[in-house]
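Structure below is start-v3.cif: mmCIF, C-alpha atoms.
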```
data_input
#
loop_
_atom_site.label_atom_id
_atom_site.label_comp_id
_atom_site.auth_asym_id
_atom_site.auth_seq_id
_atom_site.Cartn_x
_atom_site.Cartn_y
_atom_site.Cartn_z
CA MET A 1 -73.58 128.82 150.24
CA LEU A 2 -71.60 125.76 149.18
CA ALA A 3 -71.26 124.43 152.71
CA SER A 4 -74.97 124.42 153.46
CA LYS A 5 -76.72 124.04 150.12
CA PHE A 6 -74.54 121.81 148.00
CA GLY A 7 -72.37 120.33 150.72
CA ALA A 8 -75.26 118.29 152.11
CA ILE A 9 -75.99 116.84 148.67
CA LEU A 10 -72.33 115.93 148.16
CA GLN A 11 -72.17 114.39 151.61
CA THR A 12 -75.26 112.26 150.90
CA LEU A 13 -73.80 111.04 147.60
CA ASN A 14 -70.55 110.15 149.37
CA GLU A 15 -72.35 108.36 152.21
CA GLN A 16 -74.00 106.10 149.62
CA LYS A 17 -70.64 105.59 147.88
CA VAL A 18 -71.91 107.00 144.59
CA ASP A 19 -69.25 107.41 141.91
CA PHE A 20 -69.57 110.94 140.53
CA ILE A 21 -67.59 113.97 139.35
CA VAL A 22 -68.56 117.53 140.21
CA VAL A 23 -68.59 119.64 137.05
CA GLY A 24 -69.82 123.12 136.17
CA GLY A 25 -69.96 126.09 138.51
CA VAL A 26 -69.48 124.19 141.77
CA SER A 27 -66.38 122.52 140.36
CA ALA A 28 -65.01 125.96 139.49
CA VAL A 29 -65.88 127.36 142.93
CA LEU A 30 -64.19 124.44 144.69
CA GLN A 31 -61.04 125.26 142.71
CA GLY A 32 -61.07 128.94 143.64
CA ALA A 33 -63.01 130.57 140.79
CA PRO A 34 -65.07 133.59 141.87
CA VAL A 35 -68.30 132.53 140.16
CA THR A 36 -71.88 132.17 141.29
CA THR A 37 -73.94 129.09 140.57
CA PHE A 38 -77.46 128.07 141.42
CA ASP A 39 -77.31 124.31 140.93
CA LEU A 40 -74.97 121.40 141.48
CA ASP A 41 -73.92 119.58 138.30
CA VAL A 42 -72.48 116.09 138.55
CA VAL A 43 -71.58 113.45 136.00
CA HIS A 44 -72.27 110.05 137.52
CA SER A 45 -71.12 106.59 136.60
CA ARG A 46 -73.91 104.81 134.74
CA GLU A 47 -72.70 101.40 135.92
CA ARG A 48 -75.62 99.37 137.29
CA GLY A 49 -74.44 99.13 140.90
CA ASN A 50 -73.69 102.85 141.00
CA VAL A 51 -77.13 103.71 139.63
CA GLY A 52 -78.64 101.65 142.45
CA ARG A 53 -76.62 103.55 145.07
CA LEU A 54 -77.54 106.83 143.39
CA LEU A 55 -81.25 105.98 143.59
CA ILE A 56 -80.91 105.39 147.34
CA ALA A 57 -79.16 108.75 147.74
CA LEU A 58 -81.82 110.51 145.66
CA ASP A 59 -84.56 108.97 147.77
CA SER A 60 -82.97 110.30 150.96
CA LEU A 61 -82.63 113.74 149.27
CA ASP A 62 -86.33 113.67 148.28
CA ALA A 63 -85.22 114.31 144.69
CA HIS A 64 -87.82 114.89 141.99
CA TYR A 65 -87.88 116.46 138.55
CA ARG A 66 -88.00 120.26 138.49
CA SER A 67 -90.05 120.52 135.29
CA ARG A 68 -93.35 119.54 136.92
CA PRO A 69 -92.84 119.97 140.66
CA ALA A 70 -96.48 119.40 141.61
CA LEU A 71 -96.28 115.83 140.28
CA ARG A 72 -93.06 115.08 142.22
CA LEU A 73 -91.89 112.66 139.52
CA ARG A 74 -88.74 110.76 140.44
CA PRO A 75 -86.05 109.34 138.18
CA ASP A 76 -85.69 105.60 137.86
CA ALA A 77 -82.77 103.37 136.89
CA SER A 78 -83.46 103.69 133.16
CA HIS A 79 -83.31 107.50 133.39
CA LEU A 80 -80.03 107.42 135.32
CA SER A 81 -78.50 104.87 132.95
CA SER A 82 -78.93 107.18 129.96
CA PRO A 83 -76.39 109.75 128.72
CA GLY A 84 -78.97 112.51 129.15
CA GLN A 85 -79.53 115.02 131.92
CA GLN A 86 -81.89 114.73 134.87
CA LEU A 87 -82.76 118.16 136.26
CA LEU A 88 -83.85 117.54 139.84
CA MET A 89 -84.86 119.45 142.94
CA THR A 90 -83.75 118.04 146.28
CA CYS A 91 -84.54 119.05 149.84
CA TYR A 92 -81.25 121.02 149.69
CA GLY A 93 -81.67 122.61 146.26
CA PRO A 94 -81.21 121.92 142.55
CA LEU A 95 -79.16 118.93 141.40
CA ASP A 96 -78.40 118.23 137.74
CA LEU A 97 -77.41 114.62 137.12
CA LEU A 98 -75.60 114.26 133.82
CA GLY A 99 -74.90 110.98 132.07
CA SER A 100 -72.42 112.82 129.86
CA ILE A 101 -71.32 116.37 129.08
CA GLY A 102 -69.89 118.24 126.10
CA GLU A 103 -69.41 115.99 123.11
CA SER A 104 -70.50 112.80 124.92
CA HIS A 105 -67.85 112.74 127.67
CA ASP A 106 -69.04 110.30 130.32
CA TYR A 107 -67.81 109.49 133.82
CA GLU A 108 -65.16 107.01 132.68
CA ASP A 109 -63.82 109.41 130.05
CA LEU A 110 -63.63 112.34 132.49
CA LEU A 111 -62.17 110.48 135.47
CA LYS A 112 -58.55 110.98 134.35
CA ASP A 113 -59.13 114.76 134.32
CA THR A 114 -60.26 115.11 137.91
CA THR A 115 -58.74 116.16 141.15
CA GLU A 116 -59.89 115.47 144.69
CA VAL A 117 -61.12 118.40 146.78
CA VAL A 118 -62.28 118.56 150.38
CA THR A 119 -65.47 120.56 150.95
CA GLY A 120 -66.40 122.51 154.07
CA GLN A 121 -67.84 119.40 155.73
CA SER A 122 -64.59 117.45 155.19
CA THR A 123 -66.30 115.56 152.38
CA ARG A 124 -63.88 114.44 149.69
CA VAL A 125 -65.19 114.82 146.14
CA ARG A 126 -63.80 114.46 142.65
CA VAL A 127 -64.03 117.63 140.58
CA LEU A 128 -63.29 118.18 136.93
CA THR A 129 -60.02 120.09 136.53
CA LEU A 130 -60.23 123.70 135.41
CA GLU A 131 -58.33 122.80 132.22
CA ARG A 132 -60.89 120.17 131.20
CA LEU A 133 -63.81 122.31 132.34
CA ILE A 134 -62.59 125.08 130.01
CA ASP A 135 -62.22 122.62 127.12
CA ILE A 136 -65.75 121.30 127.59
CA LYS A 137 -67.26 124.77 127.87
CA LEU A 138 -65.59 125.57 124.53
CA GLU A 139 -67.20 122.45 123.01
CA THR A 140 -70.72 123.42 124.00
CA HIS A 141 -70.71 126.88 122.40
CA ASP A 142 -73.30 127.85 125.02
CA GLU A 143 -73.44 131.62 125.58
CA LYS A 144 -73.49 131.29 129.38
CA ASP A 145 -70.56 128.85 129.31
CA LEU A 146 -68.53 131.06 126.99
CA ALA A 147 -69.14 134.08 129.25
CA MET A 148 -67.58 132.17 132.17
CA LEU A 149 -64.37 131.34 130.26
CA PRO A 150 -62.37 134.51 131.11
CA VAL A 151 -62.92 133.95 134.84
CA LEU A 152 -61.98 130.29 134.60
CA ARG A 153 -58.84 131.08 132.59
CA ARG A 154 -57.74 133.77 135.10
CA THR A 155 -58.32 131.36 137.99
CA LEU A 156 -56.27 128.70 136.21
CA GLU A 157 -53.44 131.18 135.56
CA GLN A 158 -53.40 132.20 139.23
CA ARG A 159 -53.36 128.57 140.38
CA THR A 160 -50.55 127.78 137.96
CA ARG A 161 -48.45 130.68 139.33
CA GLU A 162 -48.98 129.53 142.90
#
```
Let's see the structure in the file written out as structure tokens.
Amino acid sequence: MLASKFGAILQTLNEQKVDFIVVGGVSAVLQGAPVTTFDLDVVHSRERGNVGRLLIALDSLDAHYRSRPALRLRPDASHLSSPGQQLLMTCYGPLDLLGSIGESHDYEDLLKDTTEVVTGQSTRVRVLTLERLIDIKLETHDEKDLAMLPVLRRTLEQRTRE
């Protein structure tokens, strides 16, 4: 699933040299957690040049907002420069672009808590560490996020032992 569905999105973002961090379920999967996810969540740098590169990538992914698919509305630079979330559908599946996560943690704040992972297509991506992912899921108090915590903690324990 990751190789075909999300891997193509990650590869496109990398080809455009977009600065981003994979967070959420895909981040956990890439670090060995046995979880299922239906969308790709990334926190992107809101720096002007990066937003421009991101817009080019989104255009090539035919990205549009999921909320009103018939209108095929597309994000613009002002949307991507905000700390909010942009819930998009691409030609490869759902992509959630996040200006920040948790209690206002943006790209620059999270960067120190990332690790580089190679996906199935030999694409190198930055992912949020399991430790920080757990901390942020605790901040949100979201029922779905809290339900994932035991799996993330077990995965972290196993990785630590190895």
Quick one: residues within 9 Å of His64 in chain A, only C-alpha atoms counted, chain neighbours fewer than 6 positions away excluded, as a PDB file with C-alpha atoms, in the coordinates of the input?
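See part.pdb below for the written result:
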```
ATOM      1  CA  LEU A  58     -81.820 110.510 145.660  1.00  0.00           C
ATOM      2  CA  LEU A  71     -96.280 115.830 140.280  1.00  0.00           C
ATOM      3  CA  ARG A  72     -93.060 115.080 142.220  1.00  0.00           C
ATOM      4  CA  LEU A  73     -91.890 112.660 139.520  1.00  0.00           C
ATOM      5  CA  ARG A  74     -88.740 110.760 140.440  1.00  0.00           C
ATOM      6  CA  PRO A  75     -86.050 109.340 138.180  1.00  0.00           C
ATOM      7  CA  LEU A  87     -82.760 118.160 136.260  1.00  0.00           C
ATOM      8  CA  LEU A  88     -83.850 117.540 139.840  1.00  0.00           C
ATOM      9  CA  MET A  89     -84.860 119.450 142.940  1.00  0.00           C
ATOM     10  CA  THR A  90     -83.750 118.040 146.280  1.00  0.00           C
TER      11      THR A  90
END
```
Task: Given the PyMOL selection byres ((chain A and resi 130) around 7), the residues it picks as a ChimeraX atom specification - done: /A:28,128-129,131-134,152,156
Go ahead and write the selection's residues with C-alpha atoms as a CSV table (one decimal), keeping the file's coordinate frame.
```csv
chain,number,residue,atom,x,y,z
A,28,ALA,CA,-65.0,126.0,139.5
A,128,LEU,CA,-63.3,118.2,136.9
A,129,THR,CA,-60.0,120.1,136.5
A,131,GLU,CA,-58.3,122.8,132.2
A,132,ARG,CA,-60.9,120.2,131.2
A,133,LEU,CA,-63.8,122.3,132.3
A,134,ILE,CA,-62.6,125.1,130.0
A,152,LEU,CA,-62.0,130.3,134.6
A,156,LEU,CA,-56.3,128.7,136.2
```
Task: Residue contacts of Thr36 in chain A (12 Å, all atoms listed in the file) excluding same-chain residues fewer than 3 positions away, as a PyMOL selection string - done: chain A and resi 1-2+24-30+32-33+39-40+148+151
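Using all atoms listed in the file, the shortest contact distance between Arg46 in chain A and any of A:Ala77, A:Leu146, A:Val125, A:Leu95 is found at A:Ala77.
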- [ ] Can you work out which one of A:Gln86, A:Thr115, A:Glu157, A:Tyr92 has the shortest atom-to-atom distance to Phe6 in chain A, counting only C-alpha atoms?
- [x]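 Of A:Gln86, A:Thr115, A:Glu157, A:Tyr92, the one nearest Phe6 in chain A is A:Tyr92, counting only C-alpha atoms.
Note that the spacing between CA of Lys5 in chain A and CA of Asp41 in chain A amounts to 12.9 Å.
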Open item on the list: Using the chain letters and numbers from this file, what does the PyMOL selection byres ((chain A and resi 107) around 6) select? Give the answer as an NGL selection string.
Closed with: :A and (43-45 or 106 or 108-111)
Open item on the list: Report, in Å to a single decimal, how far apart CA of Phe38 in chain A and CA of Arg66 in chain A are.
Closed with: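 Between CA of Arg66 in chain A and CA of Phe38 in chain A the gap is 13.4 Å.
Using all atoms listed in the file, the smallest distance between any of A:Ile136, A:Leu80, A:Val18, A:Leu55 and Ser104 in chain A comes from A:Ile136.
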Open item on the list: For Ala57 in chain A, find every residue with an atom within 8 Å (counting only C-alpha atoms), except residues of its own chain fewer than 3 positions away, and show them as a PyMOL selection string.
Closed with: chain A and resi 12-13+16+53-54+60-61
Could you please take those selected residues and save C-alpha atoms as a PDB file, in the frame of the given file?
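selection.pdb, written as the output of this step:
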```
ATOM      1  CA  THR A  12     -75.260 112.260 150.900  1.00  0.00           C
ATOM      2  CA  LEU A  13     -73.800 111.040 147.600  1.00  0.00           C
ATOM      3  CA  GLN A  16     -74.000 106.100 149.620  1.00  0.00           C
ATOM      4  CA  ARG A  53     -76.620 103.550 145.070  1.00  0.00           C
ATOM      5  CA  LEU A  54     -77.540 106.830 143.390  1.00  0.00           C
ATOM      6  CA  SER A  60     -82.970 110.300 150.960  1.00  0.00           C
ATOM      7  CA  LEU A  61     -82.630 113.740 149.270  1.00  0.00           C
TER       8      LEU A  61
END
```
Open item on the list: Just checking: using all atoms listed in the file, which residue out of A:Leu149, A:Leu98, A:Arg48, A:Ala8 ends up closest to Ser78 in chain A?
Closed with: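 Ranked by minimum distance to Ser78 in chain A, first place goes to A:Arg48.
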Task: Å distance separating CA of Val118 in chain A from CA of Phe20 in chain A, one decimal place - done: 14.4 Å
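With only C-alpha atoms as the atoms that count, the residue of A:Asn50, A:Gln11, A:Gln31, A:Ser122 with the shortest distance to Gln158 in chain A is A:Gln31.
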Enclose the full set of atoms of range 6-16 of chain A listed in the file within a box whose edges lie along x, y and z, apply 5 Å of padding to each of the six sides, and report centre and edge lengths in Å to one decimal as AutoDock Vina command-line options.
```
--center_x -73.3 --center_y 114.0 --center_z 149.9 --size_x 15.4 --size_y 25.7 --size_z 14.6
```
- [ ] Rank A:Ile21, A:Ala70, A:Val42, A:Ala63 by their smallest atom-to-atom distance to Lys112 in chain A, using all atoms listed in the file, and report the top residue only.
- [x]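 Selected residue with least distance to Lys112 in chain A: A:Ile21.
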TODO: Take the point (-63.1, 115.8, 144.9) in the file's coordinates, draw a sphere of radius 6 Å around it, and report as a VMD selection string every protein, DNA or RNA residue with an atom inside or on it, counting all atoms listed in the file.
DONE: chain A and resid 115 to 117 124 to 127
With C-alpha atoms retained, could you export that selection as a tab-separated table (two decimals), in the coordinates of the input?
```
chain	number	residue	atom	x	y	z
A	115	THR	CA	-58.74	116.16	141.15
A	116	GLU	CA	-59.89	115.47	144.69
A	117	VAL	CA	-61.12	118.40	146.78
A	124	ARG	CA	-63.88	114.44	149.69
A	125	VAL	CA	-65.19	114.82	146.14
A	126	ARG	CA	-63.80	114.46	142.65
A	127	VAL	CA	-64.03	117.63	140.58
```
